[in-house]
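Participant: Sharing start-v5.cif here; it has mmCIF, C-alpha atoms.
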data_coords
loop_
_atom_site.label_atom_id
_atom_site.label_comp_id
_atom_site.auth_asym_id
_atom_site.auth_seq_id
_atom_site.Cartn_x
_atom_site.Cartn_y
_atom_site.Cartn_z
CA MET A 1 -9.91 -3.89 6.73
CA LEU A 2 -11.13 -4.99 3.30
CA ARG A 3 -14.72 -6.17 3.78
CA HIS A 4 -16.60 -2.88 3.79
CA SER A 5 -17.37 -0.13 1.28
CA PRO A 6 -16.21 3.46 2.00
CA THR A 7 -19.57 4.47 3.50
CA LYS A 8 -19.62 1.53 5.95
CA ARG A 9 -16.02 1.63 7.15
CA SER A 10 -15.22 2.26 10.80
CA THR A 11 -12.40 4.42 12.13
CA LYS A 12 -10.70 1.30 13.47
CA GLU A 13 -10.71 -0.33 10.03
CA ASN A 14 -9.19 2.78 8.44
CA LEU A 15 -6.52 2.95 11.16
CA TRP A 16 -5.55 -0.69 10.61
CA LEU A 17 -5.45 -0.18 6.84
CA ALA A 18 -3.43 3.01 7.23
CA ALA A 19 -0.90 1.45 9.62
CA THR A 20 -0.19 -1.68 7.57
CA THR A 21 0.00 -0.04 4.15
CA ALA A 22 1.99 2.98 5.41
CA TYR A 23 4.48 0.57 6.97
CA SER A 24 4.77 -1.27 3.65
CA ALA A 25 5.23 1.96 1.69
CA GLY A 26 7.90 3.25 4.07
CA ALA A 27 9.84 -0.01 3.96
CA VAL A 28 9.75 -0.21 0.15
CA ASN A 29 10.72 3.44 -0.26
CA VAL A 30 13.76 3.39 2.03
CA ALA A 31 14.93 0.03 0.67
CA SER A 32 14.72 1.35 -2.89
CA VAL A 33 16.69 4.45 -1.93
CA ILE A 34 19.43 2.24 -0.49
CA ALA A 35 19.39 -0.13 -3.47
CA PHE A 36 18.85 2.28 -6.38
CA PHE A 37 19.12 5.85 -5.00
CA ALA A 38 15.53 6.33 -6.17
CA PHE A 39 12.24 6.99 -4.40
CA THR A 40 9.43 4.60 -5.27
CA SER A 41 6.53 5.39 -2.94
CA ASN A 42 5.67 8.65 -4.74
CA VAL A 43 6.27 10.40 -8.05
CA THR A 44 6.83 14.03 -6.99
CA GLY A 45 10.60 13.81 -7.39
CA HIS A 46 10.30 11.87 -10.64
CA VAL A 47 8.15 14.61 -12.18
CA ALA A 48 10.88 17.12 -11.32
CA ILE A 49 13.56 14.82 -12.77
CA PHE A 50 11.45 14.36 -15.91
CA ALA A 51 11.29 18.12 -16.43
CA GLU A 52 15.03 18.50 -15.74
CA GLU A 53 16.04 15.78 -18.20
CA LEU A 54 13.65 17.15 -20.79
CA VAL A 55 15.27 20.59 -20.56
CA LYS A 56 18.74 19.07 -20.81
CA GLY A 57 17.76 16.94 -23.78
CA HIS A 58 18.73 13.62 -22.17
CA TRP A 59 16.17 11.64 -24.15
CA HIS A 60 16.92 8.21 -22.73
CA GLN A 61 16.42 9.46 -19.19
CA VAL A 62 13.25 11.29 -20.29
CA PHE A 63 11.87 8.04 -21.71
CA ILE A 64 12.74 6.01 -18.61
CA VAL A 65 11.27 8.50 -16.14
CA LEU A 66 8.15 8.74 -18.28
CA ILE A 67 7.80 4.96 -18.10
CA TRP A 68 8.19 5.13 -14.32
CA LEU A 69 5.45 7.75 -14.05
CA LEU A 70 3.16 5.72 -16.28
CA LEU A 71 3.82 2.56 -14.25
CA PHE A 72 2.77 4.31 -11.03
CA LEU A 73 -0.28 5.66 -12.85
CA PHE A 74 -1.07 2.24 -14.29
CA GLY A 75 -0.79 0.68 -10.83
CA ALA A 76 -3.43 3.07 -9.46
CA PHE A 77 -5.55 2.50 -12.58
CA ALA A 78 -5.24 -1.28 -12.26
CA ALA A 79 -6.25 -1.25 -8.58
CA ASN A 80 -9.48 0.62 -9.22
CA PHE A 81 -10.22 -1.34 -12.40
CA ILE A 82 -9.74 -4.71 -10.68
CA ILE A 83 -11.88 -3.72 -7.70
CA SER A 84 -14.68 -2.47 -9.96
CA SER A 85 -14.48 -5.53 -12.21
CA VAL A 86 -14.83 -8.21 -9.54
CA VAL A 87 -16.98 -6.38 -6.99
CA LYS A 88 -19.92 -8.70 -7.80
CA LYS A 89 -18.00 -11.54 -6.13
CA GLY A 90 -17.96 -9.65 -2.83
CA LYS A 91 -16.25 -6.64 -1.29
CA TYR A 92 -13.59 -8.69 0.44
CA PHE A 93 -12.61 -10.54 -2.74
CA SER A 94 -12.55 -7.42 -4.94
CA ASN A 95 -10.65 -5.30 -2.41
CA SER A 96 -8.04 -7.99 -1.73
CA ALA A 97 -7.38 -8.77 -5.41
CA PRO A 98 -4.96 -5.80 -5.94
CA ILE A 99 -3.03 -6.88 -2.84
CA PHE A 100 -2.57 -10.36 -4.29
CA LEU A 101 -1.14 -8.75 -7.44
CA GLU A 102 1.17 -6.54 -5.38
CA ILE A 103 2.41 -9.58 -3.46
CA VAL A 104 3.17 -11.42 -6.73
CA VAL A 105 5.15 -8.50 -8.18
CA LEU A 106 7.05 -7.92 -4.93
CA ALA A 107 7.86 -11.62 -4.69
CA PHE A 108 9.29 -11.55 -8.21
CA ILE A 109 11.40 -8.48 -7.40
CA THR A 110 12.61 -10.15 -4.18
CA VAL A 111 13.72 -13.34 -5.93
CA TYR A 112 15.24 -11.58 -8.92
CA GLY A 113 16.98 -8.95 -6.81
CA HIS A 114 18.52 -11.46 -4.41
CA PHE A 115 19.56 -14.19 -6.85
CA TYR A 116 19.97 -12.62 -10.29
CA TYR A 117 20.47 -8.86 -10.03
CA GLN A 118 23.80 -7.82 -11.61
CA GLU A 119 23.37 -4.08 -10.91
CA THR A 120 23.20 -3.18 -14.59
CA LEU A 121 21.47 0.06 -15.59
CA ARG A 122 18.70 -1.75 -17.49
CA GLU A 123 17.94 -4.06 -14.55
CA THR A 124 17.88 -1.13 -12.14
CA GLU A 125 15.49 0.84 -14.34
CA TRP A 126 12.99 -2.02 -14.56
CA LEU A 127 13.20 -2.92 -10.88
CA ILE A 128 12.47 0.69 -9.94
CA GLY A 129 9.57 0.62 -12.37
CA GLY A 130 8.24 -2.56 -10.75
CA LEU A 131 8.33 -1.01 -7.29
CA LEU A 132 6.62 2.15 -8.57
CA PHE A 133 3.88 -0.02 -10.05
CA CYS A 134 3.44 -1.75 -6.68
CA MET A 135 3.17 1.55 -4.83
CA GLY A 136 0.71 2.95 -7.37
CA LEU A 137 -1.31 -0.25 -7.04
CA GLN A 138 -1.27 -0.04 -3.24
CA ASN A 139 -2.10 3.65 -3.08
CA GLY A 140 -4.91 3.25 -5.61
CA MET A 141 -6.33 0.30 -3.70
CA VAL A 142 -6.21 2.05 -0.33
CA SER A 143 -7.70 5.26 -1.71
CA THR A 144 -10.49 3.42 -3.52
CA ILE A 145 -11.68 1.21 -0.66
CA SER A 146 -11.43 4.03 1.93
CA GLY A 147 -13.19 6.59 -0.25
CA GLY A 148 -10.06 8.76 -0.45
CA VAL A 149 -9.72 8.98 3.33
CA VAL A 150 -6.50 6.93 3.48
CA LYS A 151 -3.49 7.54 1.24
CA THR A 152 -0.29 6.00 2.51
CA THR A 153 2.42 6.76 -0.03
CA HIS A 154 2.04 10.53 -0.45
CA VAL A 155 3.79 12.13 2.52
CA THR A 156 3.66 15.66 1.03
CA GLY A 157 -0.13 15.56 1.01
CA LEU A 158 -0.07 13.98 4.46
CA PHE A 159 1.89 16.88 5.95
CA THR A 160 -0.38 19.38 4.21
CA ASP A 161 -3.51 17.77 5.66
CA LEU A 162 -1.88 17.31 9.06
CA GLY A 163 -0.85 20.96 9.22
CA ALA A 164 -4.33 22.18 8.28
CA GLU A 165 -6.04 19.86 10.76
CA LEU A 166 -3.63 20.75 13.59
CA SER A 167 -4.44 24.40 12.90
CA GLN A 168 -8.16 23.62 13.25
CA TRP A 169 -7.56 21.64 16.45
CA LEU A 170 -5.52 24.41 18.08
CA HIS A 171 -7.55 27.37 16.83
CA PRO A 172 -9.65 28.89 19.64
CA ILE A 173 -12.85 29.27 17.58
CA THR A 174 -12.77 25.81 15.92
CA PRO A 175 -14.70 23.06 17.74
CA ARG A 176 -12.68 19.94 18.55
CA THR A 177 -15.10 17.46 17.03
CA LYS A 178 -14.72 13.67 16.97
CA VAL A 179 -14.38 13.79 13.18
CA LEU A 180 -11.41 16.16 13.45
CA LYS A 181 -9.88 14.02 16.21
CA ASP A 182 -10.21 10.88 14.08
CA ARG A 183 -8.59 12.62 11.11
CA LEU A 184 -5.62 13.74 13.21
CA LYS A 185 -5.25 10.25 14.63
CA LEU A 186 -5.31 8.78 11.12
CA ARG A 187 -2.60 11.19 9.86
CA LEU A 188 -0.38 10.45 12.86
CA TYR A 189 -0.84 6.70 12.34
CA ILE A 190 0.20 7.00 8.71
CA LEU A 191 3.23 9.14 9.52
CA SER A 192 4.36 6.96 12.45
CA TYR A 193 4.06 3.66 10.61
CA TYR A 194 5.61 5.08 7.46
CA ILE A 195 8.68 6.09 9.47
CA LEU A 196 8.69 2.74 11.30
CA GLY A 197 8.50 0.88 8.00
CA GLY A 198 11.34 2.97 6.63
CA LEU A 199 13.55 2.23 9.63
CA VAL A 200 12.84 -1.51 9.61
CA GLY A 201 13.00 -1.84 5.83
CA GLY A 202 16.24 0.09 5.59
CA TYR A 203 17.89 -1.78 8.44
CA PHE A 204 17.07 -5.21 7.09
CA PHE A 205 17.90 -4.28 3.50
CA LEU A 206 21.42 -3.46 4.65
CA LEU A 207 21.58 -6.92 6.27
CA ILE A 208 19.85 -9.21 3.77
CA ASP A 209 19.37 -7.00 0.66
CA PHE A 210 16.23 -7.77 -1.37
CA LEU A 211 15.06 -10.46 1.06
CA ALA A 212 13.94 -7.54 3.24
CA PHE A 213 10.91 -7.25 0.97
CA ILE A 214 9.68 -10.55 2.44
CA MET A 215 8.65 -8.59 5.54
CA VAL A 216 6.56 -6.28 3.38
CA ILE A 217 4.94 -9.30 1.74
CA LEU A 218 4.15 -10.77 5.17
CA VAL A 219 2.44 -7.53 6.21
CA LEU A 220 0.33 -7.59 3.04
CA ILE A 221 -0.57 -11.23 3.70
CA PHE A 222 -1.67 -10.16 7.19
CA VAL A 223 -3.95 -7.52 5.62
CA ILE A 224 -5.63 -10.26 3.57
CA TYR A 225 -5.73 -12.75 6.46
CA TYR A 226 -7.18 -10.24 8.93
CA ASP A 227 -10.56 -10.18 7.20
CA MET A 228 -10.42 -13.77 5.99
CA SER A 229 -10.01 -15.07 9.54
CA ARG A 230 -13.02 -13.09 10.73
CA VAL A 231 -15.15 -14.39 7.88
CA VAL A 232 -14.11 -17.99 8.59
CA THR A 233 -14.75 -17.51 12.32
CA LYS A 234 -18.24 -16.15 11.72
CA LEU A 235 -19.12 -19.01 9.39
CA THR A 236 -17.83 -21.53 11.94
CA ILE A 237 -19.84 -19.94 14.75
CA ARG A 238 -22.99 -19.95 12.62
CA LYS A 239 -22.52 -23.63 11.85
CA ILE A 240 -21.99 -24.47 15.52
CA LYS A 241 -25.10 -22.53 16.55
CA LYS A 242 -27.33 -24.31 14.02
CA PRO A 243 -29.89 -26.63 15.62
CA ALA A 244 -29.06 -30.32 15.34
CA TYR A 245 -32.19 -31.10 13.27
CA VAL A 246 -31.16 -28.47 10.66
CA ILE A 247 -27.73 -30.04 10.29
CA GLN A 248 -29.30 -33.51 9.94
CA GLU A 249 -31.70 -32.29 7.27
CA GLN A 250 -28.80 -30.80 5.28
CA ASN A 251 -26.95 -34.11 5.49
#
As structure tokens, please, write out the structure in this file.

Facilitator:
Amino acid sequence: MLRHSPTKRSTKENLWLAATTAYSAGAVNVASVIAFFAFTSNVTGHVAIFAEELVKGHWHQVFIVLIWLLLFLFGAFAANFIISSVVKKGKYFSNSAPIFLEIVVLAFITVYGHFYYQETLRETEWLIGGLLFCMGLQNGMVSTISGGVVKTTHVTGLFTDLGAELSQWLHPITPRTKVLKDRLKLRLYILSYYILGGLVGGYFFLLIDFLAFIMVILVLIFVIYYDMSRVVTKLTIRKIKKPAYVIQEQN
């Protein structure tokens, strides 16, 4: 999922990336709605709230929502910046680095939310901001490494693309090409796993509160492990296939 550049990625790799990250986004979003009555996987609603509070002159709310928007923006910025900065160390390492950061932030939110959260307004504002940063980071990472093909936190854009592509698929004069079929499959994967993540995340948040984010962290760890295991396997196979005299010479 993480080893290849946008031009070398297969449909299967994009589908795996779409499924895992859409699941994570859906789980985080529904859990944050239950916990804070706030969406965190996108900023469309927050832009509307920002405009509303600005018109009403509620300056504290304007400031907070602006911080939320900037945190999502900074997350996307950080993902691309990190990937570009460490790309010399290898595609896998550079593409996985933003996920490591997302795991760290989510782990902090999980521990703080479960053990220390007192439901004060200030705590709520910063926890929402942390989740928005994570989703901006994830969306920026996914968009960067897939060349803009996969975006898993923006359901409005997903429905727009899905509607247009369904129209092309069903139109009598439009050829049903493999490219169009793959795009439709990708959109349906994102939508399905986003909903699945929302159902699972919401259900377990009601049972174990912030500890539900552990499941999101485990999915992100799987994303990292998926490519790491393949790399390790290939290196092991190469070592096994080496002639005995080569191994002796190295020793």

Participant: Wanna dump the range 76-124 of chain A-range 21-39 of chain A contacts at 12 Å for me, each residue with its shortest atom pair and the distance in Å to one decimal, counting all atoms listed in the file, ordered by chain and number, as CSV?

Facilitator:
residue,atom,partner,partner_atom,distance
A:Ile99,CA,A:Thr21,CA,10.2
A:Glu102,CA,A:Ser24,CA,11.1
A:Ile103,CA,A:Ser24,CA,11.2
A:Leu106,CA,A:Val28,CA,9.6
A:Ile109,CA,A:Ser32,CA,11.3
A:Thr110,CA,A:Val28,CA,11.2
A:Gly113,CA,A:Ala35,CA,9.7
A:His114,CA,A:Ala35,CA,11.4
A:Tyr117,CA,A:Ala35,CA,11.0
A:Glu119,CA,A:Phe36,CA,9.0
A:Thr120,CA,A:Phe36,CA,10.8
A:Leu121,CA,A:Phe36,CA,9.8
A:Arg122,CA,A:Phe36,CA,11.8
A:Glu123,CA,A:Phe36,CA,10.4
A:Thr124,CA,A:Phe36,CA,6.8

Participant: Hey, which of A:His46, A:Lys178, A:Lys8, A:Arg183 ends up closest to Trp68 in chain A? Count all atoms listed in the file.

Facilitator: A:His46

Participant: Have a look at CA of Ile128 in chain A and CA of Thr40 in chain A and let me know their distance in Å, one decimal.

Facilitator: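 Calculated distance between CA of Ile128 in chain A and CA of Thr40 in chain A is 6.8 Å.
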
Participant: Would you work out the distance separating CA of Phe205 in chain A from CA of Phe115 in chain A, expressed in Å to one decimal?

Facilitator: 14.4 Å

Participant: Within 9 Å of (-11.8, -9.6, -0.5) (coordinates as in the file), grab all the protein and nucleic acid residues, counting only C-alpha atoms, and write them out as a list in words.

Facilitator: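 Residues satisfying the cut-off, written out: Leu2, Arg3, Val87, Lys89, Gly90, Lys91, Tyr92, Phe93, Ser94, Asn95, Ser96, Ala97, Ile224, Asp227 and Met228 of chain A.
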
Participant: Using all atoms listed in the file, can you tell me which of A:Gly147, A:Leu69, A:Leu196, A:Ile64 comes closest to Gly45 in chain A?

Facilitator: A:Leu69

Participant: As an exercise, work out the distance from CA of Thr20 in chain A to CA of Ser84 in chain A in Å and give it to one decimal place.

Facilitator: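 Interatomic distance here is 22.8 Å.
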
Participant: Selected by the PyMOL selection byres ((chain A and resi 149) around 12) in the shown coordinates: which residues, as a count of residues only?

Facilitator: 33

Participant: Which is closest to Ile221 in chain A among A:Leu101, A:Ile82, A:Ala48, A:Leu71, if we use all atoms listed in the file?

Facilitator: A:Leu101

Participant: For the file shown, what are the residues hit by the PyMOL selection byres ((chain A and resi 75) around 8), laid out as a list in words?

Facilitator: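 Applied to this file, the PyMOL selection byres ((chain A and resi 75) around 8) selects Leu71, Phe72, Leu73, Phe74, Ala76, Phe77, Ala78, Ala79, Leu132, Phe133, Cys134, Met135, Gly136, Leu137, Gln138 and Gly140 of chain A.
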
Participant: Calculate, to one decimal in Å, the centre and edge lengths of the box along x, y and z of the file that holds all listed atoms of range 14-27 of chain A with 3 Å of margin on each side, and present them as AutoDock Vina command-line options.

Facilitator:
--center_x 0.3 --center_y 0.8 --center_z 6.4 --size_x 25.0 --size_y 10.9 --size_z 15.5

Participant: Of the residues A:Leu166, A:Val155, A:Leu220, A:Leu206, which is the one nearest to Asn42 in chain A, using all atoms listed in the file?

Facilitator: A:Val155

Participant: Between A:Gly198, A:Val105, A:Ile67, A:Phe213, which has the minimum distance to Val47 in chain A (counting only C-alpha atoms)?

Facilitator: A:Ile67

Participant: Measuring between all atoms listed in the file, which one of A:Lys185, A:Gln168, A:Phe100, A:Leu207 shows the shortest distance to Tyr225 in chain A?

Facilitator: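 Checking each of A:Lys185, A:Gln168, A:Phe100, A:Leu207 against Tyr225 in chain A, counting all atoms listed in the file, the winner is A:Phe100.
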